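Each remark here refers to the structure printed beneath this line.
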Amino acid sequence: MKALVFHGKKNVSVDNVEDPRIENPRDTILKVTSTAICGSDLHIYNGLFPQPKDLILGHEFMGVVEEVGAGVNNLKRGDRVVIPFPIACGHCHFCSMDLHTHCENSNPEFYGPEGGLLKGKGGALFGYTDLYGGYSGGQAEYVRVPYSDIGPRVVPDNLTDDQALFLTDIFPTGWAAIDWAQLKGGEVVVVFGCGPVGIMAMKAAWIRGASRVIGVDILPYRLEMAKKAAHVETIDASRTNAVDEIRQMTGGYGADVCVDAVGMEADRNFVEKALNVVRAQVGTMKTLGYCLDAVRRGGVVTVVGVYGTPFDNFPLHQWFDKGIQMKGGQATVHKYIDHLIALVQEGKVVLDDIITHKVPLTDASRMYEIFNNKEDDCVKVVLKP
Ligand code: NAD
Ligand code: ZN
Ligand code: ZN
């Protein structure tokens, strides 16, 4: 089959590789019909997350069940399904608490019974480096889906692939960013990052009762997309001091909720530098710092943008003094997905209005370049195997 293979920093290509096969009774083999490139793929592409050997990338995908393992009773050949990006057993200590991204069984090498330092490593994700289990991803013609009895969700017939695809990751992730803030209604929510994840968080903020939603970015075309797809006010942080502006817009108080939907690539030069110095010398990353500055006293900051170990230096004083509540992490898609499928089906939210590029899988390596360089007004790329 054909698949997009990561070979090294900024080196991906569509190669002929071996077809996946059932390895465990709870597996299925999926024929992928749609798959997307995510900002998270860029951390690997840019060499910020180490991946020493070749790996098929892709954690946002859906398709048609081709082959079902003997232990999977809820799916049959021909079912069209969408797949949560975390790989989770469904039954361990953490899965039982709806914390599927911390599954103890999907990533045994790093999260085994031995524990120790590695006990801190989370569960597995599709196509997301050896640290996250080393599983082949879904930017491919076929993919093996472990724990298929608890992950895949059958897509209602009346939804197209484009309408359903972002239930794998970015809508549940945007939803998590807002859910963690526990809105009561009437809040001012600021989302840093008008990429796919940020825009999904904005859509979620409206549904959960925000009275005002503001999107911040440094690229005018991304701000335009946020206006169009999420009907938000915007701030161009490349032209103005976003924190001052937010304070002015909120009578000096700051926003009730700030969401960091950018992560460690906010300043690429800084990232490159940070990888080469000891951890203690590195400050908090840019947009997380903005969030802490722009949130009101007693407000909430949620973080879905991804950070790695060089960014462990955190402004404890500011967090303590302002009484800020914080929560972040990989989104627990399994917890939210059924509710979110219903929202899409009922027409309460539209997800496919951010797709700017839909191309054959064979064009994937060029699309990585375009998406990474933010060229061609690219917001979200869908690949068709
Ligand atoms: P993206 O690269 O398309 O979007 C990032 C946006 O941030 C871009 O529009 C960029 O212009 C903007 N940006 C960069 N620097 C900025 C700055 N200083 N101020 C304001 N905006 C700035 O990526 P995406 O697909 O939207 O993903 C965003 C983040 O979410 C990534 O870190 C990704 O890994 C992460 N993510 C997390 C989860 C999760 O479960 N927590 C899931 C999916 C993605
Ligand atoms: Zn993703
Ligand atoms: Zn588990």
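Residue numbering restarts at 1 for every chain of the structure tokens, chains are lettered A, B, ... in their displayed order, and ligands are numbered from 1 as they appear.
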Inset, instruction - For ligand 2, collect every residue having any atom at a distance of at most 7 Å from a ligand atom (counting only C-alpha atoms and all ligand atoms); output as a PyMOL selection string. - result: chain A and resi 38-40+59-60+169-170
So that I can check the surroundings of segment 153-158 of chain A, please list as an mmCIF file with C-alpha atoms, in the first residue's frame every protein, DNA and RNA residue that reaches within 10 Å of it, counting only C-alpha atoms and ignoring chain neighbours fewer than 4 positions away.
data_model
loop_
_atom_site.group_PDB
_atom_site.id
_atom_site.type_symbol
_atom_site.label_atom_id
_atom_site.label_comp_id
_atom_site.auth_asym_id
_atom_site.auth_seq_id
_atom_site.Cartn_x
_atom_site.Cartn_y
_atom_site.Cartn_z
ATOM 1 C CA MET A 62 -11.624 7.766 9.064
ATOM 2 C CA GLY A 63 -12.567 5.021 6.679
ATOM 3 C CA VAL A 64 -14.346 1.759 6.005
ATOM 4 C CA VAL A 65 -13.758 -1.414 8.014
ATOM 5 C CA ASN A 74 -19.411 -4.157 17.562
ATOM 6 C CA LEU A 75 -18.111 -3.618 14.004
ATOM 7 C CA ASP A 79 -18.923 -0.040 8.443
ATOM 8 C CA ARG A 80 -17.831 3.581 7.939
ATOM 9 C CA VAL A 81 -16.103 4.766 11.113
ATOM 10 C CA VAL A 82 -14.253 7.710 12.578
ATOM 11 C CA ILE A 83 -11.329 6.970 14.915
ATOM 12 C CA PRO A 84 -10.319 8.850 18.115
ATOM 13 C CA SER A 148 -11.355 -1.455 17.903
ATOM 14 C CA ASP A 149 -14.085 -2.611 20.245
ATOM 15 C CA GLN A 163 -18.361 16.685 8.054
ATOM 16 C CA ALA A 164 -17.170 13.830 10.268
ATOM 17 C CA LEU A 165 -13.377 13.765 9.905
ATOM 18 C CA LEU A 167 -14.334 14.378 15.216
ATOM 19 C CA THR A 168 -11.091 12.345 15.375
ATOM 20 C CA HIS A 334 -13.265 9.036 23.809
ATOM 21 C CA ILE A 337 -16.944 12.064 20.815
ATOM 22 C CA ASP A 338 -20.472 10.632 21.059
ATOM 23 C CA ILE A 341 -21.157 13.467 16.730
ATOM 24 C CA ALA A 342 -24.706 14.298 17.835
ATOM 25 C CA GLN A 345 -25.648 15.523 13.120
#
Legend entry - Distance query segment 221-233 of chain A at most 10 Å, only C-alpha atoms, self and fewer than 6 positions along chain excluded, as a VMD selection string: chain A and resid 190 to 191 193 to 196 198 to 206 212 to 215 349 to 354 356 374 376 to 379
Excluding segment 241-244 of chain A and residues on its chain fewer than 2 positions from it, collect all residues at most 7 Å away from it, counting only C-alpha atoms, and give them as a JSON list (two decimals) with N, CA and C atoms, in the first residue's frame.
[["chain", "number", "residue", "atom", "x", "y", "z"],
["A", 235, "ILE", "N", -7.66, 39.75, 16.96],
["A", 235, "ILE", "CA", -6.52, 40.63, 17.25],
["A", 235, "ILE", "C", -5.31, 40.09, 16.49],
["A", 237, "ALA", "N", -1.69, 39.83, 16.52],
["A", 237, "ALA", "CA", -0.60, 40.01, 17.49],
["A", 237, "ALA", "C", 0.72, 40.37, 16.82],
["A", 246, "ILE", "N", -6.42, 43.11, 24.88],
["A", 246, "ILE", "CA", -7.42, 42.30, 25.60],
["A", 246, "ILE", "C", -7.83, 43.00, 26.89],
["A", 247, "ARG", "N", -6.84, 43.58, 27.56],
["A", 247, "ARG", "CA", -7.18, 44.30, 28.80],
["A", 247, "ARG", "C", -8.11, 45.47, 28.50],
["A", 248, "GLN", "N", -7.79, 46.20, 27.42],
["A", 248, "GLN", "CA", -8.66, 47.33, 27.04],
["A", 248, "GLN", "C", -10.07, 46.87, 26.71],
["A", 290, "TYR", "N", 1.42, 34.90, 27.24],
["A", 290, "TYR", "CA", 0.34, 35.85, 26.92],
["A", 290, "TYR", "C", -0.95, 35.47, 27.65],
["A", 293, "ASP", "N", -0.80, 36.48, 31.19],
["A", 293, "ASP", "CA", -0.89, 37.93, 31.29],
["A", 293, "ASP", "C", -2.30, 38.44, 31.02],
["A", 294, "ALA", "N", -2.97, 37.83, 30.04],
["A", 294, "ALA", "CA", -4.23, 38.39, 29.55],
["A", 294, "ALA", "C", -5.46, 37.88, 30.30]]
Enumerate, in order of chain and increasing residue number, the residues of chain A with an atom no farther than 8 Å from ligand 3, each with its shortest atom pair and distance in Å to one decimal, counting only C-alpha atoms and all ligand atoms, as CSV.
residue,atom,partner,partner_atom_place_in_ligand_line,distance
A:Ala88,CA,ligand 3,1 (Zn),4.8
A:Cys89,CA,ligand 3,1 (Zn),3.9
A:Gly90,CA,ligand 3,1 (Zn),4.8
A:His91,CA,ligand 3,1 (Zn),5.1
A:Cys92,CA,ligand 3,1 (Zn),4.1
A:His93,CA,ligand 3,1 (Zn),6.7
A:Phe94,CA,ligand 3,1 (Zn),5.9
A:Cys95,CA,ligand 3,1 (Zn),4.4
A:Ser96,CA,ligand 3,1 (Zn),7.4
A:His100,CA,ligand 3,1 (Zn),6.1
A:His102,CA,ligand 3,1 (Zn),7.1
A:Cys103,CA,ligand 3,1 (Zn),3.6
A:Glu104,CA,ligand 3,1 (Zn),5.1
A:Asn105,CA,ligand 3,1 (Zn),5.3
A:Ser106,CA,ligand 3,1 (Zn),6.6
A:Gly123,CA,ligand 3,1 (Zn),7.8
Mind writing the picked residues with N, CA and C atoms as a PDB file, in the first residue's frame?
ATOM      1  N   ALA A  88      -6.390   3.476  23.152  1.00  0.00           N
ATOM      2  CA  ALA A  88      -6.672   3.197  24.561  1.00  0.00           C
ATOM      3  C   ALA A  88      -7.431   1.890  24.726  1.00  0.00           C
ATOM      4  N   CYS A  89      -7.102   1.168  25.812  1.00  0.00           N
ATOM      5  CA  CYS A  89      -7.676  -0.163  26.027  1.00  0.00           C
ATOM      6  C   CYS A  89      -9.116  -0.097  26.495  1.00  0.00           C
ATOM      7  N   GLY A  90      -9.472   1.006  27.176  1.00  0.00           N
ATOM      8  CA  GLY A  90     -10.854   1.166  27.627  1.00  0.00           C
ATOM      9  C   GLY A  90     -11.129   0.638  29.024  1.00  0.00           C
ATOM     10  N   HIS A  91     -10.171  -0.086  29.616  1.00  0.00           N
ATOM     11  CA  HIS A  91     -10.496  -0.761  30.883  1.00  0.00           C
ATOM     12  C   HIS A  91      -9.493  -0.524  32.011  1.00  0.00           C
ATOM     13  N   CYS A  92      -8.354   0.080  31.741  1.00  0.00           N
ATOM     14  CA  CYS A  92      -7.318   0.200  32.784  1.00  0.00           C
ATOM     15  C   CYS A  92      -7.697   1.284  33.799  1.00  0.00           C
ATOM     16  N   HIS A  93      -6.809   1.487  34.766  1.00  0.00           N
ATOM     17  CA  HIS A  93      -7.011   2.482  35.828  1.00  0.00           C
ATOM     18  C   HIS A  93      -7.410   3.840  35.232  1.00  0.00           C
ATOM     19  N   PHE A  94      -6.660   4.292  34.215  1.00  0.00           N
ATOM     20  CA  PHE A  94      -6.922   5.626  33.662  1.00  0.00           C
ATOM     21  C   PHE A  94      -8.102   5.639  32.698  1.00  0.00           C
ATOM     22  N   CYS A  95      -8.207   4.622  31.830  1.00  0.00           N
ATOM     23  CA  CYS A  95      -9.358   4.565  30.912  1.00  0.00           C
ATOM     24  C   CYS A  95     -10.672   4.564  31.705  1.00  0.00           C
ATOM     25  N   SER A  96     -10.665   3.885  32.863  1.00  0.00           N
ATOM     26  CA  SER A  96     -11.889   3.830  33.676  1.00  0.00           C
ATOM     27  C   SER A  96     -12.281   5.206  34.195  1.00  0.00           C
ATOM     28  N   HIS A 100      -8.396   8.507  28.663  1.00  0.00           N
ATOM     29  CA  HIS A 100      -7.893   7.535  27.685  1.00  0.00           C
ATOM     30  C   HIS A 100      -6.513   7.896  27.127  1.00  0.00           C
ATOM     31  N   HIS A 102      -4.106   8.576  28.782  1.00  0.00           N
ATOM     32  CA  HIS A 102      -3.116   8.097  29.753  1.00  0.00           C
ATOM     33  C   HIS A 102      -3.181   6.579  29.907  1.00  0.00           C
ATOM     34  N   CYS A 103      -3.802   5.916  28.946  1.00  0.00           N
ATOM     35  CA  CYS A 103      -3.991   4.454  29.016  1.00  0.00           C
ATOM     36  C   CYS A 103      -2.692   3.745  29.396  1.00  0.00           C
ATOM     37  N   GLU A 104      -2.809   2.802  30.339  1.00  0.00           N
ATOM     38  CA  GLU A 104      -1.616   2.087  30.818  1.00  0.00           C
ATOM     39  C   GLU A 104      -1.210   0.946  29.905  1.00  0.00           C
ATOM     40  N   ASN A 105      -2.126   0.516  29.043  1.00  0.00           N
ATOM     41  CA  ASN A 105      -1.846  -0.696  28.265  1.00  0.00           C
ATOM     42  C   ASN A 105      -1.428  -0.438  26.822  1.00  0.00           C
ATOM     43  N   SER A 106      -1.730   0.745  26.278  1.00  0.00           N
ATOM     44  CA  SER A 106      -1.469   0.960  24.855  1.00  0.00           C
ATOM     45  C   SER A 106      -0.009   1.293  24.581  1.00  0.00           C
ATOM     46  N   GLY A 123      -0.236   7.505  27.427  1.00  0.00           N
ATOM     47  CA  GLY A 123      -0.600   6.395  26.561  1.00  0.00           C
ATOM     48  C   GLY A 123      -0.158   6.646  25.129  1.00  0.00           C
TER      49      GLY A 123
END
